[in-house]
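Asker: upload.cif is reproduced in full below (mmCIF, C-alpha atoms).
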data_model
#
loop_
_atom_site.label_atom_id
_atom_site.label_comp_id
_atom_site.auth_asym_id
_atom_site.auth_seq_id
_atom_site.Cartn_x
_atom_site.Cartn_y
_atom_site.Cartn_z
CA MET A 14 0.94 26.68 -8.20
CA ASP A 15 -2.70 26.37 -7.17
CA ASP A 16 -3.48 25.26 -3.66
CA LEU A 17 -5.34 21.99 -3.14
CA ALA A 18 -7.21 23.23 -0.10
CA THR A 19 -7.26 25.95 2.50
CA LEU A 20 -6.96 24.45 5.97
CA GLY A 21 -7.19 27.60 8.05
CA THR A 22 -6.66 31.32 7.83
CA THR A 23 -2.98 30.93 6.90
CA VAL A 24 -2.50 27.19 6.20
CA THR A 25 -2.88 25.68 2.73
CA LEU A 26 -2.30 22.26 1.19
CA ARG A 27 -0.34 21.89 -2.06
CA TRP A 28 1.77 19.40 -4.02
CA ALA A 29 5.30 19.10 -2.68
CA VAL A 30 8.09 20.60 -4.81
CA PRO A 31 11.82 19.76 -4.71
CA THR A 32 12.64 22.81 -2.59
CA ASP A 33 10.37 21.43 0.17
CA LEU A 34 12.63 18.42 0.62
CA PRO A 35 14.89 19.69 3.44
CA GLU A 36 11.88 20.62 5.57
CA VAL A 37 9.99 17.42 4.77
CA VAL A 38 12.99 15.21 5.55
CA ALA A 39 13.58 17.14 8.79
CA MET A 40 10.02 16.27 9.83
CA LEU A 41 10.57 12.59 9.00
CA ALA A 42 13.79 12.63 11.04
CA ALA A 43 12.26 14.47 14.01
CA ASP A 44 9.74 11.69 14.47
CA GLN A 45 10.06 9.36 17.49
CA LEU A 46 10.71 6.34 15.26
CA GLY A 47 12.27 8.17 12.31
CA VAL A 48 15.16 9.57 14.31
CA THR A 49 17.18 6.35 13.81
CA ARG A 50 16.04 5.76 10.24
CA GLU A 51 16.72 9.05 8.45
CA ALA A 52 19.91 10.91 7.44
CA VAL A 53 19.19 14.61 7.00
CA ASP A 54 22.77 15.50 6.04
CA ASP A 55 22.55 13.60 2.75
CA LEU A 56 19.47 14.53 0.73
CA GLU A 57 20.50 12.64 -2.40
CA PRO A 58 18.49 9.44 -1.71
CA TYR A 59 15.48 11.60 -0.87
CA ARG A 60 15.82 13.49 -4.16
CA ALA A 61 15.84 10.20 -6.07
CA ALA A 62 12.72 9.09 -4.18
CA PHE A 63 11.05 12.45 -4.86
CA ASP A 64 11.70 11.99 -8.58
CA ALA A 65 10.27 8.46 -8.48
CA ILE A 66 7.12 9.71 -6.74
CA ALA A 67 6.75 12.56 -9.24
CA ALA A 68 7.25 10.22 -12.21
CA ASP A 69 4.08 8.18 -11.61
CA PRO A 70 0.70 9.91 -11.15
CA ALA A 71 -0.31 6.99 -8.91
CA HIS A 72 1.69 8.72 -6.17
CA LEU A 73 1.01 12.15 -4.68
CA LEU A 74 3.26 13.92 -2.22
CA VAL A 75 1.45 16.69 -0.38
CA VAL A 76 2.62 19.39 2.04
CA ALA A 77 0.72 21.71 4.34
CA VAL A 78 2.31 25.15 4.46
CA ASP A 79 1.82 28.10 6.75
CA GLY A 80 3.15 31.07 4.82
CA ASP A 81 6.47 29.72 3.54
CA ARG A 82 6.94 27.16 6.34
CA VAL A 83 6.20 23.49 5.66
CA ILE A 84 4.23 22.23 8.67
CA GLY A 85 2.86 18.91 7.44
CA THR A 86 3.33 16.19 4.83
CA MET A 87 1.78 12.98 3.62
CA GLN A 88 1.99 10.66 0.63
CA LEU A 89 -0.95 9.08 -1.17
CA THR A 90 -0.82 6.11 -3.51
CA PHE A 91 -3.81 5.01 -5.59
CA ILE A 92 -3.86 1.23 -6.06
CA PRO A 93 -6.15 -0.60 -8.48
CA GLY A 94 -7.07 -4.15 -7.55
CA LEU A 95 -9.35 -7.03 -8.50
CA ALA A 96 -10.73 -7.63 -5.01
CA ARG A 97 -14.01 -6.01 -3.91
CA ARG A 98 -15.32 -5.94 -7.51
CA GLY A 99 -12.29 -4.24 -8.93
CA ALA A 100 -12.08 -1.53 -6.29
CA TRP A 101 -9.43 1.17 -6.19
CA ARG A 102 -7.93 1.92 -2.82
CA ALA A 103 -6.10 5.00 -1.61
CA GLN A 104 -3.15 4.38 0.66
CA ILE A 105 -1.72 7.00 2.98
CA GLU A 106 1.96 6.82 3.98
CA ALA A 107 4.47 8.99 5.80
CA VAL A 108 2.10 11.37 7.59
CA ARG A 109 3.97 13.95 9.65
CA VAL A 110 3.02 17.23 11.31
CA HIS A 111 5.71 19.61 12.54
CA LYS A 112 6.11 19.34 16.30
CA ASP A 113 5.40 23.06 16.77
CA THR A 114 2.05 22.64 15.02
CA ARG A 115 0.71 19.48 16.70
CA GLY A 116 -2.72 19.80 18.25
CA SER A 117 -3.68 22.54 15.81
CA GLY A 118 -5.95 20.27 13.78
CA VAL A 119 -3.75 20.38 10.67
CA GLY A 120 -3.16 16.59 10.73
CA GLY A 121 -6.87 15.84 10.82
CA GLN A 122 -7.52 18.34 8.04
CA MET A 123 -4.80 16.77 5.89
CA ILE A 124 -6.28 13.28 6.33
CA GLY A 125 -9.77 14.68 5.78
CA TRP A 126 -8.63 16.10 2.44
CA ALA A 127 -7.05 12.74 1.53
CA ILE A 128 -10.34 10.95 2.26
CA GLU A 129 -12.26 13.41 0.09
CA GLU A 130 -9.71 13.09 -2.73
CA ALA A 131 -10.01 9.28 -2.53
CA ARG A 132 -13.80 9.58 -2.73
CA ARG A 133 -13.55 11.99 -5.67
CA ARG A 134 -11.40 9.42 -7.52
CA GLY A 135 -13.90 6.66 -6.89
CA CYS A 136 -11.87 4.66 -4.36
CA ALA A 137 -13.80 2.16 -2.24
CA LEU A 138 -11.31 2.21 0.62
CA VAL A 139 -8.68 4.38 2.29
CA GLN A 140 -5.97 2.44 4.10
CA LEU A 141 -2.82 3.01 6.10
CA THR A 142 -0.68 1.21 8.62
CA THR A 143 0.64 2.73 11.80
CA ASP A 144 3.29 1.33 14.14
CA LYS A 145 1.69 -0.38 17.16
CA ARG A 146 3.86 1.82 19.40
CA ARG A 147 2.14 4.97 18.08
CA THR A 148 -0.89 4.70 20.36
CA GLY A 149 -1.71 8.39 19.95
CA ALA A 150 -1.87 7.91 16.19
CA HIS A 151 -4.35 5.02 16.56
CA ARG A 152 -6.76 7.23 18.49
CA PHE A 153 -6.23 10.01 15.96
CA TYR A 154 -7.17 7.78 13.01
CA GLU A 155 -10.07 6.13 14.84
CA ARG A 156 -11.55 9.57 15.50
CA LEU A 157 -11.37 10.17 11.74
CA GLY A 158 -13.35 6.97 11.06
CA PHE A 159 -10.62 4.38 10.47
CA VAL A 160 -11.05 0.89 11.92
CA ALA A 161 -8.03 -1.14 13.07
CA SER A 162 -9.39 -4.25 11.39
CA HIS A 163 -6.11 -5.60 10.02
CA GLU A 164 -2.67 -6.68 11.14
CA GLY A 165 -0.01 -4.60 9.40
CA MET A 166 2.83 -7.01 8.65
CA LYS A 167 6.30 -5.90 7.57
CA LEU A 168 9.40 -7.75 6.47
CA ALA A 169 12.64 -5.74 6.33
CA LEU A 170 15.01 -6.71 3.53
CA MET B 18 5.08 -16.12 -22.20
CA ASP B 19 8.07 -16.91 -20.02
CA ASP B 20 7.46 -18.23 -16.56
CA LEU B 21 8.64 -16.19 -13.58
CA ALA B 22 9.50 -19.19 -11.49
CA THR B 23 8.98 -22.92 -11.21
CA LEU B 24 7.34 -23.78 -7.90
CA GLY B 25 7.18 -27.53 -8.21
CA THR B 26 7.22 -30.30 -10.76
CA THR B 27 4.07 -29.00 -12.48
CA VAL B 28 3.44 -25.57 -10.91
CA THR B 29 4.78 -22.33 -12.38
CA LEU B 30 4.36 -18.64 -11.64
CA ARG B 31 3.58 -16.17 -14.46
CA TRP B 32 1.99 -12.77 -15.10
CA ALA B 33 -1.80 -12.91 -15.15
CA VAL B 34 -3.49 -12.50 -18.54
CA PRO B 35 -7.10 -11.46 -19.24
CA THR B 36 -8.22 -15.04 -19.83
CA ASP B 37 -7.21 -15.87 -16.22
CA LEU B 38 -9.84 -13.48 -14.85
CA PRO B 39 -12.75 -15.91 -14.35
CA GLU B 40 -10.54 -18.29 -12.33
CA VAL B 41 -8.89 -15.47 -10.33
CA VAL B 42 -12.22 -13.84 -9.49
CA ALA B 43 -13.64 -17.24 -8.51
CA MET B 44 -10.76 -17.60 -6.01
CA LEU B 45 -11.45 -14.13 -4.59
CA ALA B 46 -15.14 -15.00 -4.22
CA ALA B 47 -14.52 -18.42 -2.66
CA ASP B 48 -12.64 -16.78 0.21
CA GLN B 49 -14.25 -16.72 3.69
CA LEU B 50 -14.45 -12.90 3.66
CA GLY B 51 -14.67 -12.38 -0.11
CA VAL B 52 -17.89 -14.36 -0.49
CA THR B 53 -19.97 -11.28 0.39
CA ARG B 54 -17.77 -8.80 -1.47
CA GLU B 55 -17.41 -10.25 -4.96
CA ALA B 56 -19.83 -10.74 -7.88
CA VAL B 57 -18.58 -13.49 -10.18
CA ASP B 58 -21.49 -13.21 -12.63
CA ASP B 59 -20.39 -9.76 -13.81
CA LEU B 60 -16.72 -9.66 -14.77
CA GLU B 61 -16.82 -6.17 -16.27
CA PRO B 62 -15.57 -4.29 -13.18
CA TYR B 63 -12.79 -6.87 -12.83
CA ARG B 64 -11.76 -6.35 -16.47
CA ALA B 65 -11.51 -2.61 -15.88
CA ALA B 66 -9.37 -3.22 -12.79
CA PHE B 67 -7.18 -5.65 -14.72
CA ASP B 68 -6.58 -2.99 -17.38
CA ALA B 69 -5.69 -0.42 -14.70
CA ILE B 70 -3.20 -2.83 -13.11
CA ALA B 71 -1.68 -3.64 -16.51
CA ALA B 72 -1.42 0.06 -17.43
CA ASP B 73 1.11 0.93 -14.70
CA PRO B 74 4.30 -1.11 -14.25
CA ALA B 75 4.14 -0.25 -10.53
CA HIS B 76 1.55 -3.03 -10.27
CA LEU B 77 2.05 -6.72 -11.00
CA LEU B 78 -0.65 -9.34 -11.04
CA VAL B 79 0.73 -12.83 -10.74
CA VAL B 80 -0.85 -16.27 -11.00
CA ALA B 81 0.40 -19.71 -10.05
CA VAL B 82 -0.71 -22.32 -12.57
CA ASP B 83 -0.68 -26.09 -12.51
CA GLY B 84 -0.91 -27.13 -16.14
CA ASP B 85 -3.74 -24.90 -17.39
CA ARG B 86 -5.45 -24.51 -13.99
CA VAL B 87 -4.95 -21.28 -12.04
CA ILE B 88 -4.30 -22.31 -8.42
CA GLY B 89 -2.99 -19.11 -6.87
CA THR B 90 -2.86 -15.34 -7.29
CA MET B 91 -1.37 -12.23 -5.71
CA GLN B 92 -0.84 -8.60 -6.59
CA LEU B 93 2.35 -6.63 -5.95
CA THR B 94 2.67 -2.84 -5.92
CA PHE B 95 6.04 -1.08 -5.76
CA ILE B 96 5.80 2.19 -3.84
CA PRO B 97 8.55 4.82 -3.72
CA GLY B 98 8.68 6.98 -0.60
CA LEU B 99 10.78 9.55 1.20
CA ALA B 100 10.81 7.78 4.58
CA ARG B 101 13.70 5.45 5.50
CA ARG B 102 16.13 7.40 3.31
CA GLY B 103 14.01 7.24 0.22
CA ALA B 104 13.22 3.55 0.46
CA TRP B 105 11.04 1.67 -1.99
CA ARG B 106 8.58 -0.77 -0.51
CA ALA B 107 6.82 -3.73 -2.09
CA GLN B 108 3.23 -4.24 -1.08
CA ILE B 109 1.40 -7.54 -1.43
CA GLU B 110 -2.38 -7.55 -1.84
CA ALA B 111 -5.10 -10.08 -2.67
CA VAL B 112 -3.21 -13.32 -1.99
CA ARG B 113 -5.35 -16.36 -2.66
CA VAL B 114 -4.65 -20.06 -3.10
CA HIS B 115 -7.29 -22.37 -4.56
CA LYS B 116 -8.97 -24.36 -1.80
CA ASP B 117 -8.04 -27.67 -3.45
CA THR B 118 -4.36 -26.70 -3.33
CA ARG B 119 -4.04 -25.35 0.24
CA GLY B 120 -1.34 -26.93 2.34
CA SER B 121 0.72 -27.77 -0.75
CA GLY B 122 3.25 -25.01 -0.09
CA VAL B 123 2.27 -22.98 -3.16
CA GLY B 124 1.26 -19.96 -1.06
CA GLY B 125 4.61 -19.85 0.72
CA GLN B 126 6.45 -20.23 -2.57
CA MET B 127 4.47 -17.38 -4.13
CA ILE B 128 5.27 -15.06 -1.21
CA GLY B 129 8.89 -16.25 -1.26
CA TRP B 130 9.12 -15.25 -4.91
CA ALA B 131 7.56 -11.84 -4.11
CA ILE B 132 10.17 -11.26 -1.39
CA GLU B 133 12.99 -12.13 -3.79
CA GLU B 134 11.54 -9.90 -6.50
CA ALA B 135 11.30 -7.01 -3.99
CA ARG B 136 14.93 -7.59 -3.03
CA ARG B 137 15.98 -7.70 -6.68
CA ARG B 138 14.31 -4.32 -7.24
CA GLY B 139 16.11 -2.79 -4.25
CA CYS B 140 13.12 -2.48 -1.92
CA ALA B 141 13.87 -2.00 1.78
CA LEU B 142 10.60 -3.47 2.97
CA VAL B 143 7.84 -5.87 2.00
CA GLN B 144 4.46 -5.10 3.54
CA LEU B 145 0.92 -6.38 3.59
CA THR B 146 -2.15 -6.21 5.77
CA THR B 147 -4.28 -9.16 6.73
CA ASP B 148 -7.70 -9.13 8.37
CA LYS B 149 -7.45 -9.76 12.12
CA ARG B 150 -9.98 -12.60 11.71
CA ARG B 151 -7.55 -14.51 9.46
CA THR B 152 -5.52 -16.02 12.29
CA GLY B 153 -4.19 -18.79 10.07
CA ALA B 154 -2.82 -16.19 7.67
CA HIS B 155 -0.98 -14.40 10.52
CA ARG B 156 0.90 -17.58 11.41
CA PHE B 157 1.58 -18.22 7.71
CA TYR B 158 3.19 -14.79 7.23
CA GLU B 159 5.08 -14.94 10.54
CA ARG B 160 6.63 -18.22 9.46
CA LEU B 161 7.81 -16.42 6.31
CA GLY B 162 9.53 -13.72 8.39
CA PHE B 163 6.87 -11.01 8.58
CA VAL B 164 6.37 -9.15 11.87
CA ALA B 165 2.92 -7.88 12.91
CA SER B 166 4.40 -4.55 14.00
CA HIS B 167 1.64 -2.27 12.70
CA GLU B 168 -2.07 -1.70 12.98
CA GLY B 169 -3.70 -1.99 9.58
CA MET B 170 -6.39 0.70 9.49
CA LYS B 171 -9.13 0.88 6.87
CA LEU B 172 -11.88 3.36 6.13
CA ALA B 173 -14.62 2.23 3.74
CA LEU B 174 -15.99 4.97 1.47
#
Can you dump the structure from the file as C-alpha cells?
Answerer:
Amino acid sequence: MDDLATLGTTVTLRWAVPTDLPEVVAMLAADQLGVTREAVDDLEPYRAAFDAIAADPAHLLVVAVDGDRVIGTMQLTFIPGLARRGAWRAQIEAVRVHKDTRGSGVGGQMIGWAIEEARRRGCALVQLTTDKRRTGAHRFYERLGFVASHEGMKLAL
Amino acid sequence: MDDLATLGTTVTLRWAVPTDLPEVVAMLAADQLGVTREAVDDLEPYRAAFDAIAADPAHLLVVAVDGDRVIGTMQLTFIPGLARRGAWRAQIEAVRVHKDTRGSGVGGQMIGWAIEEARRRGCALVQLTTDKRRTGAHRFYERLGFVASHEGMKLAL
C-alpha cells in the first residue's frame, strides 16, 4: 500500500488496515479519558466500526507508523453542507499519539497532513472538538492555527 | 412524501427537497452570523451541496414546514468511529428557525426529533458546536440536555 506522506526518516502515514486495530484500540484505551471508555479485550465492536468507516469514502482512518509499529492515529470525515455557500468541512476525530512518541512532532505532522488533505479536497473549514480538560491539546491545536471559537456540546444517549 | 414527525397542529418535519433551497438558504443568510457568509442571489453552490448531501445516506437534511412555508432546518450526519467501543455519533449542523417562528418551540422539537433518531440508529452520542457568541443557543441546547464539555476548534482554509 502506498504511503500518504513521509513524516520523518522512519515515520510514514498510511490508511489504517484491520491488522492495525489492536494497536489503535490500545492507544485509545491508554488515553487519560479513554481508559474508562474502551475495552481492549473485546475487539469485535471495534471491527464493526472499522468496517463502517471503510464502507463510506466520507470517512478516512489514518495511522502513523514507525517501521511496523503504529505510533499515531486519527479519523477524518468530510461533511458537505449548505452553510457558507455550500462549503465542505473536514472534521478530525480520535487523534492519538503513542505515549512513547509524544513530543516528537508526529501529532503536529499528522494534523498538518489532514489540513493539507482538506485543502486539496476543497474544504472551507477544518474542525474538531477537544475535551475542556485536555488543556495541553488546546495549546497544541492553537499552535497549528485552530481557533477555539465554538462551544462543543455533547449529549450522551 | 411521508412526514418524519408532527410537531404541532400545522407543523411537520420532512426531508428537504430541492425546491426548499431558496427558503433554507434565506434562513441561513438571515442569521446574525450568516449574513456575511451567504450569497442568496446565486443558488448554484447550494444546489451542488444539496446534491452532495443527498448522495450519501450518512447525511440528512431536514426541514420543518408549516403548510407550504419552510420555518426550520437542520442537517444531521452519522459518523462511525473506533472510540468509545466503536460508537456511532450523530452530529447536528446548520440549525435555523425562521425569525417569525422563534419562541414557538419548533427548534426544540426539531432537536428532540434528532436525538430520538440518533437513539433509534444506535448512536452513543449526539454532538454539535455552536459559536461562543451565540449565548442564547447555549442555553437552548443545555435545556435540551447537552453539556458544553468540549472546545469547538475551527481552522478556516
Asker: Counting only C-alpha atoms, which of A:Gly149, A:Gly125, A:Gly165, A:Gly120 gets nearest to chain B?
Answerer: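 Of all the options, A:Gly165 lies closest to chain B.
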Asker: Would you mind listing what lies within 9 Å of B:Gly51 as number ranges by chain, with all atoms listed in the file counted and same-chain residues fewer than 6 positions away left out?
Answerer: A: 96-97; B: 44-45
Asker: Just to confirm, what's the straight-line distance from atom CA of A:Arg109 to atom CA of B:Thr147 in Å (one decimal)?
Answerer: 24.7 Å
Asker: Taking the file above as input, evaluate the PyMOL selection byres ((chain B) within 6 of (chain A)) and report the hits as a PyMOL selection string.
Answerer: chain B and resi 54-55+62-63+66+70+97-99+101-103+141-149+163-174
Asker: The PyMOL selection byres ((chain A and resi 17-30) around 6) on the file shown: which residues, as a list in words?
Answerer: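 Against this file, the PyMOL selection byres ((chain A and resi 17-30) around 6) returns the residues Asp16, Pro31, Thr32, Asp33, Leu74, Val75, Val76, Ala77, Val78 and Asp79 of chain A.
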Asker: Between atom CA of A:Thr86 and atom CA of A:Val110, what distance in Å does the model show, to one decimal?
Answerer: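 Going from atom CA of A:Thr86 over to atom CA of A:Val110 covers 6.6 Å.
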Asker: Could you work out an axis-aligned box for stretch 29-39 of chain B, taking every atom the file lists and adding 6 Å on each side, and report centre and edge lengths in Å to one decimal, as lines of an AutoDock Vina configuration file?
Answerer:
center_x = -4.0
center_y = -16.9
center_z = -15.7
size_x = 29.5
size_y = 22.9
size_z = 20.2
Asker: I want to know what sits within 10 Å of B:Lys116, based on all atoms listed in the file, with residues of the same chain fewer than 4 positions away left out; could you give that as an MDAnalysis selection string?
Answerer: chainID B and resid 44 47:48 88:89 120
Asker: By how many Å are atom CA of A:Arg156 and atom CA of A:Ile105 apart?
Answerer: 16.1 Å
